[in-house]
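Read the structure below first, then the notes.
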Amino acid sequence: MTNTENTVKLVADRTIALGYRTWGWGEGVAQYALSQAGPILAEPRYTAEVTAFVQGNSAFQPSALEHVMPSAAALAIYEQTGNELGLELVTRVAKMLETHPRSHHGAWTVTPVRSVWVDYIYETAPVLCRLARVTGDRRYQEWAIDQTLAYVMSCWNQRERLFHHVYYDDACASNPFLWGRANGWTALGLVEMLGLVPA
């Protein structure tokens, strides 16, 4: 096992020990990482952990934008194991997004302040592109592209060539912070999405 594989294994084992079980943004990031580590390291224990997470949230009904991220893990489980519950949970999230509040640029907002957080590119665009691929429904790919453009219109700072962390729709203004971590999530989301859409 390489040093990188050892590091991934240590992080994955620690993630399991922390016991992320809630259907939320941070938990979704952790579970999605486990869903990717399982096949890469040929470690069925990681896939089993994410499957248990999906099963444990079988009755969950999404109602907020932070409920999108765990669907990346659920969709991975569907693709890896054929577990229909994974696809069902992602479909519930997509249904919620159909009527979710949007900014004047069209980006899904975090309510009640109607703010647009650029980090959410990472959870929305790639998972919608994967859902389009799995279901054959191109509408989800179009949503991903539309959201990406809306986030750019809301948060991009052309002079600094970085994204502002938050755009406040009601004030039509961004916060002043060009936060490194938010720009990292954005870059990762864009790279993943671009690998999933046709040229």
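Chain identifiers are assigned as A, B, and so on, following the order in which chains appear in the structure tokens; residues are numbered from 1 within each chain, and ligands are numbered from 1 in order of appearance.
Every protein or nucleic acid residue with an atom no more than 10 Å from Asp146 (chain A), counting only C-alpha atoms and leaving out same-chain residues fewer than 4 positions away, appears here: His105, Gly106, Ala107, Ala125, Tyr140, Gln141, Glu142, Ala150, Tyr151 and Val152 of chain A.
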Dump of N, CA, C and O atoms for the selected residues, as a PDB file, in the first residue's frame:
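Full text of part.pdb as output:
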ATOM      1  N   HIS A 105     -30.455  35.774  -9.936  1.00  0.00           N
ATOM      2  CA  HIS A 105     -29.588  35.175 -10.957  1.00  0.00           C
ATOM      3  C   HIS A 105     -29.999  33.740 -11.270  1.00  0.00           C
ATOM      4  O   HIS A 105     -29.490  33.152 -12.225  1.00  0.00           O
ATOM      5  N   GLY A 106     -30.855  33.173 -10.422  1.00  0.00           N
ATOM      6  CA  GLY A 106     -31.310  31.801 -10.645  1.00  0.00           C
ATOM      7  C   GLY A 106     -30.656  30.757  -9.773  1.00  0.00           C
ATOM      8  O   GLY A 106     -30.958  29.570  -9.879  1.00  0.00           O
ATOM      9  N   ALA A 107     -29.738  31.160  -8.887  1.00  0.00           N
ATOM     10  CA  ALA A 107     -29.068  30.191  -8.002  1.00  0.00           C
ATOM     11  C   ALA A 107     -29.989  29.820  -6.849  1.00  0.00           C
ATOM     12  O   ALA A 107     -30.721  30.664  -6.330  1.00  0.00           O
ATOM     13  N   ALA A 125     -23.792  20.813  -8.597  1.00  0.00           N
ATOM     14  CA  ALA A 125     -23.475  20.550 -10.000  1.00  0.00           C
ATOM     15  C   ALA A 125     -23.034  19.109 -10.272  1.00  0.00           C
ATOM     16  O   ALA A 125     -23.610  18.448 -11.145  1.00  0.00           O
ATOM     17  N   TYR A 140     -31.518  17.349 -15.565  1.00  0.00           N
ATOM     18  CA  TYR A 140     -30.655  17.522 -14.401  1.00  0.00           C
ATOM     19  C   TYR A 140     -29.304  18.103 -14.793  1.00  0.00           C
ATOM     20  O   TYR A 140     -28.734  18.925 -14.074  1.00  0.00           O
ATOM     21  N   GLN A 141     -28.796  17.713 -15.948  1.00  0.00           N
ATOM     22  CA  GLN A 141     -27.549  18.293 -16.451  1.00  0.00           C
ATOM     23  C   GLN A 141     -27.740  19.776 -16.746  1.00  0.00           C
ATOM     24  O   GLN A 141     -26.866  20.596 -16.443  1.00  0.00           O
ATOM     25  N   GLU A 142     -28.880  20.122 -17.316  1.00  0.00           N
ATOM     26  CA  GLU A 142     -29.164  21.533 -17.591  1.00  0.00           C
ATOM     27  C   GLU A 142     -29.257  22.326 -16.292  1.00  0.00           C
ATOM     28  O   GLU A 142     -28.781  23.461 -16.222  1.00  0.00           O
ATOM     29  N   ALA A 150     -25.210  30.649 -12.646  1.00  0.00           N
ATOM     30  CA  ALA A 150     -25.826  31.547 -11.663  1.00  0.00           C
ATOM     31  C   ALA A 150     -24.865  31.852 -10.518  1.00  0.00           C
ATOM     32  O   ALA A 150     -24.800  32.984 -10.029  1.00  0.00           O
ATOM     33  N   TYR A 151     -24.104  30.848 -10.080  1.00  0.00           N
ATOM     34  CA  TYR A 151     -23.114  31.083  -9.027  1.00  0.00           C
ATOM     35  C   TYR A 151     -22.007  32.019  -9.506  1.00  0.00           C
ATOM     36  O   TYR A 151     -21.534  32.876  -8.765  1.00  0.00           O
ATOM     37  N   VAL A 152     -21.592  31.838 -10.758  1.00  0.00           N
ATOM     38  CA  VAL A 152     -20.573  32.737 -11.317  1.00  0.00           C
ATOM     39  C   VAL A 152     -21.105  34.163 -11.339  1.00  0.00           C
ATOM     40  O   VAL A 152     -20.424  35.106 -10.918  1.00  0.00           O
TER      41      VAL A 152
END
A straight line from CA of Tyr120 (chain A) to CA of Phe60 (chain A) spans 20.2 Å
Gap from CA of Thr7 (chain A) to CA of His67 (chain A) - Å, one decimal: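 Straight-line distance from CA of Thr7 (chain A) to CA of His67 (chain A) works out to 28.3 Å.
Put simply, CA of Ser63 (chain A) is 24.8 Å away from CA of Glu192 (chain A).
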DSSP-assigned helix (DSSP H, G or I) among region 8-163 of chain A, expressed as a PyMOL selection string: chain A and resi 8-18+25-41+44-56+65-67+70-81+84-98+120-135+138-155
Need to verify the contact set: Gly82 (chain A), 12 Å, only C-alpha atoms, exclusion of same-chain residues closer than 6 positions in sequence. Can you return it as a short mmCIF file (atom, residue, chain, number, x, y, z; two decimals) with N, CA and C atoms, in the first residue's frame?
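Everything below was put into selection.cif:
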data_model
loop_
_atom_site.label_atom_id
_atom_site.label_comp_id
_atom_site.auth_asym_id
_atom_site.auth_seq_id
_atom_site.Cartn_x
_atom_site.Cartn_y
_atom_site.Cartn_z
N THR A 51 -23.53 2.52 2.89
CA THR A 51 -24.82 1.84 2.71
C THR A 51 -25.65 1.94 3.99
N ALA A 74 -25.37 8.80 -1.63
CA ALA A 74 -26.48 7.89 -1.92
C ALA A 74 -26.45 7.43 -3.37
N LEU A 75 -26.14 8.37 -4.28
CA LEU A 75 -26.07 8.02 -5.69
C LEU A 75 -24.89 7.10 -5.97
N ALA A 76 -23.77 7.34 -5.28
CA ALA A 76 -22.61 6.46 -5.43
C ALA A 76 -22.95 5.04 -5.01
N GLU A 88 -33.60 6.54 -4.86
CA GLU A 88 -34.84 7.13 -4.33
C GLU A 88 -34.56 8.39 -3.52
N VAL A 134 -27.24 8.71 -14.77
CA VAL A 134 -27.87 7.49 -14.27
C VAL A 134 -29.29 7.32 -14.81
#
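Of the listed residues (A:Ser71, A:Ser35, A:Gln61, A:Thr186), A:Thr186 comes nearest to Thr148 (chain A); the distances count only C-alpha atoms.
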With only C-alpha atoms as the counted atoms, please give the residues lying no more than 10 Å from region 193-199 of chain A, apart from itself and same-chain residues fewer than 2 positions off, as a ChimeraX atom specification. /A:121-122,124-130,132-133,141-142,144-145,148,187-191
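Closest approach to Tyr46 (chain A) among A:Ala59, A:Thr22, A:Ser154, A:Leu10 is made by A:Leu10 (distances from only C-alpha atoms).
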Write out as an MDAnalysis selection string the residues lying within 12 Å of Asn83 (chain A), counting only C-alpha atoms and excluding same-chain residues fewer than 5 positions away. chainID A and resid 47:48 50:52 54:55 58 73:78 88:90
Could you write those residues out with C-alpha atoms, as a compact mmCIF listing (two decimals), in the first residue's frame?
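Here's the written file out_18.txt:
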# COMPACT_ATOMS: atom_id res chain seq x y z
CA THR A 47 -18.98 0.87 1.12
CA ALA A 48 -20.89 -0.93 3.89
CA VAL A 50 -22.10 4.41 3.43
CA THR A 51 -24.82 1.84 2.71
CA ALA A 52 -25.71 1.89 6.43
CA VAL A 54 -28.24 5.53 3.32
CA GLN A 55 -30.39 2.86 5.02
CA SER A 58 -34.48 5.89 4.34
CA ALA A 73 -23.03 9.40 -1.41
CA ALA A 74 -26.48 7.89 -1.92
CA LEU A 75 -26.07 8.02 -5.69
CA ALA A 76 -22.61 6.46 -5.43
CA ILE A 77 -24.10 3.58 -3.44
CA TYR A 78 -26.78 3.10 -6.08
CA GLU A 88 -34.84 7.13 -4.33
CA LEU A 89 -33.19 9.51 -1.85
CA VAL A 90 -31.49 11.45 -4.64
Mind checking which residues fall within 12 Å of Lys9 (chain A), counting only C-alpha atoms, ignoring those fewer than 6 positions away in the same chain, and posting them as a list in words?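 Listing them by chain and then by number gives Met1, Thr2, Asn3, Thr15, Ile16, Ala33, Leu34, Gln36, Ala37, Gly38, Pro39, Ile40, Leu41, Ala42, Glu43, Arg45 and Tyr46 of chain A.
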Can I get the selected residues back with all heavy atoms, as a short mmCIF file (atom, residue, chain, number, x, y, z; two decimals), in the first residue's frame?
data_model
loop_
_atom_site.label_atom_id
_atom_site.label_comp_id
_atom_site.auth_asym_id
_atom_site.auth_seq_id
_atom_site.Cartn_x
_atom_site.Cartn_y
_atom_site.Cartn_z
N MET A 1 0.85 -1.19 0.00
CA MET A 1 0.00 0.00 0.00
C MET A 1 0.89 1.25 0.00
O MET A 1 1.85 1.34 0.76
CB MET A 1 -0.91 -0.02 1.23
CG MET A 1 -2.02 1.00 1.20
SD MET A 1 -3.23 0.82 2.55
CE MET A 1 -4.33 -0.38 1.84
N THR A 2 0.57 2.21 -0.87
CA THR A 2 1.37 3.43 -0.97
C THR A 2 1.10 4.34 0.24
O THR A 2 0.15 4.14 0.99
CB THR A 2 1.01 4.21 -2.25
OG1 THR A 2 -0.33 4.68 -2.14
CG2 THR A 2 1.16 3.32 -3.49
N ASN A 3 1.94 5.36 0.37
CA ASN A 3 1.74 6.35 1.44
C ASN A 3 0.39 7.05 1.30
O ASN A 3 -0.30 7.29 2.29
CB ASN A 3 2.86 7.39 1.42
CG ASN A 3 4.17 6.83 1.98
OD1 ASN A 3 4.17 5.81 2.66
ND2 ASN A 3 5.26 7.50 1.66
N THR A 15 -13.03 8.73 9.98
CA THR A 15 -14.35 9.22 9.60
C THR A 15 -15.43 8.26 10.12
O THR A 15 -16.44 8.69 10.68
CB THR A 15 -14.45 9.37 8.07
OG1 THR A 15 -13.48 10.33 7.65
CG2 THR A 15 -15.84 9.82 7.64
N ILE A 16 -15.19 6.97 9.95
CA ILE A 16 -16.15 5.98 10.46
C ILE A 16 -16.26 6.07 11.97
O ILE A 16 -17.36 6.03 12.54
CB ILE A 16 -15.75 4.56 10.02
CG1 ILE A 16 -15.94 4.40 8.50
CG2 ILE A 16 -16.56 3.50 10.76
CD1 ILE A 16 -15.43 3.10 7.94
N ALA A 33 -16.92 10.93 0.54
CA ALA A 33 -15.50 10.54 0.51
C ALA A 33 -15.34 9.05 0.79
O ALA A 33 -14.56 8.36 0.12
CB ALA A 33 -14.72 11.37 1.54
N LEU A 34 -16.09 8.53 1.76
CA LEU A 34 -16.04 7.09 2.05
C LEU A 34 -16.51 6.27 0.85
O LEU A 34 -15.95 5.22 0.54
CB LEU A 34 -16.90 6.75 3.27
CG LEU A 34 -16.33 7.09 4.64
CD1 LEU A 34 -17.36 6.80 5.72
CD2 LEU A 34 -15.05 6.31 4.91
N GLN A 36 -16.15 6.93 -2.18
CA GLN A 36 -15.09 6.92 -3.19
C GLN A 36 -13.89 6.09 -2.73
O GLN A 36 -13.23 5.43 -3.54
CB GLN A 36 -14.66 8.35 -3.53
CG GLN A 36 -15.79 9.22 -4.05
CD GLN A 36 -16.51 8.61 -5.23
OE1 GLN A 36 -15.95 8.45 -6.30
NE2 GLN A 36 -17.77 8.23 -5.03
N ALA A 37 -13.62 6.11 -1.43
CA ALA A 37 -12.47 5.37 -0.88
C ALA A 37 -12.69 3.86 -0.97
O ALA A 37 -11.73 3.10 -1.20
CB ALA A 37 -12.22 5.77 0.57
N GLY A 38 -13.93 3.40 -0.80
CA GLY A 38 -14.22 1.97 -0.83
C GLY A 38 -13.72 1.27 -2.08
O GLY A 38 -12.89 0.35 -2.01
N PRO A 39 -14.17 1.70 -3.27
CA PRO A 39 -13.69 1.05 -4.49
C PRO A 39 -12.20 1.27 -4.77
O PRO A 39 -11.52 0.37 -5.24
CB PRO A 39 -14.55 1.71 -5.59
CG PRO A 39 -15.73 2.27 -4.90
CD PRO A 39 -15.26 2.64 -3.53
N ILE A 40 -11.70 2.47 -4.46
CA ILE A 40 -10.29 2.76 -4.74
C ILE A 40 -9.37 1.85 -3.95
O ILE A 40 -8.37 1.33 -4.46
CB ILE A 40 -9.97 4.25 -4.47
CG1 ILE A 40 -10.66 5.14 -5.51
CG2 ILE A 40 -8.47 4.51 -4.45
CD1 ILE A 40 -10.63 6.62 -5.19
N LEU A 41 -9.71 1.64 -2.68
CA LEU A 41 -8.87 0.80 -1.81
C LEU A 41 -9.35 -0.65 -1.76
O LEU A 41 -8.78 -1.45 -1.01
CB LEU A 41 -8.85 1.38 -0.39
CG LEU A 41 -8.25 2.79 -0.24
CD1 LEU A 41 -8.34 3.25 1.21
CD2 LEU A 41 -6.80 2.81 -0.72
N ALA A 42 -10.38 -0.97 -2.53
CA ALA A 42 -10.98 -2.31 -2.50
C ALA A 42 -11.31 -2.70 -1.06
O ALA A 42 -10.98 -3.80 -0.61
CB ALA A 42 -10.05 -3.33 -3.17
N GLU A 43 -11.95 -1.76 -0.36
CA GLU A 43 -12.28 -1.95 1.06
C GLU A 43 -13.80 -1.95 1.22
O GLU A 43 -14.44 -0.90 1.30
CB GLU A 43 -11.65 -0.83 1.89
CG GLU A 43 -11.92 -0.88 3.37
CD GLU A 43 -11.58 -2.21 4.00
OE1 GLU A 43 -10.40 -2.47 4.26
OE2 GLU A 43 -12.52 -3.01 4.22
N ARG A 45 -15.64 -2.48 3.64
CA ARG A 45 -16.11 -1.91 4.90
C ARG A 45 -16.55 -0.46 4.72
O ARG A 45 -17.51 -0.02 5.35
CB ARG A 45 -14.97 -2.00 5.93
CG ARG A 45 -15.33 -1.69 7.36
CD ARG A 45 -14.22 -2.18 8.28
NE ARG A 45 -12.92 -1.67 7.89
CZ ARG A 45 -12.39 -0.55 8.36
NH1 ARG A 45 -13.05 0.19 9.24
NH2 ARG A 45 -11.20 -0.15 7.97
N TYR A 46 -15.88 0.27 3.86
CA TYR A 46 -16.24 1.67 3.62
C TYR A 46 -17.57 1.77 2.86
O TYR A 46 -18.43 2.59 3.19
CB TYR A 46 -15.14 2.41 2.86
CG TYR A 46 -13.80 2.41 3.57
CD1 TYR A 46 -12.62 2.50 2.85
CD2 TYR A 46 -13.72 2.29 4.95
CE1 TYR A 46 -11.39 2.50 3.50
CE2 TYR A 46 -12.49 2.28 5.60
CZ TYR A 46 -11.33 2.39 4.87
OH TYR A 46 -10.11 2.37 5.50
#
Tell me which of A:Leu131, A:Cys155, A:Val118, A:Leu87 sits closest to Gly184 (chain A), counting only C-alpha atoms.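 Of A:Leu131, A:Cys155, A:Val118, A:Leu87, the one nearest Gly184 (chain A), counting only C-alpha atoms, is A:Val118.
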Apply DSSP to the backbone of this structure and, from region 2-196 of chain A, keep only the residues in strand (DSSP E or B); write these as a ChimeraX atom specification. /A:102,108,110,115-117,156-157,162-163,166-168,173-174
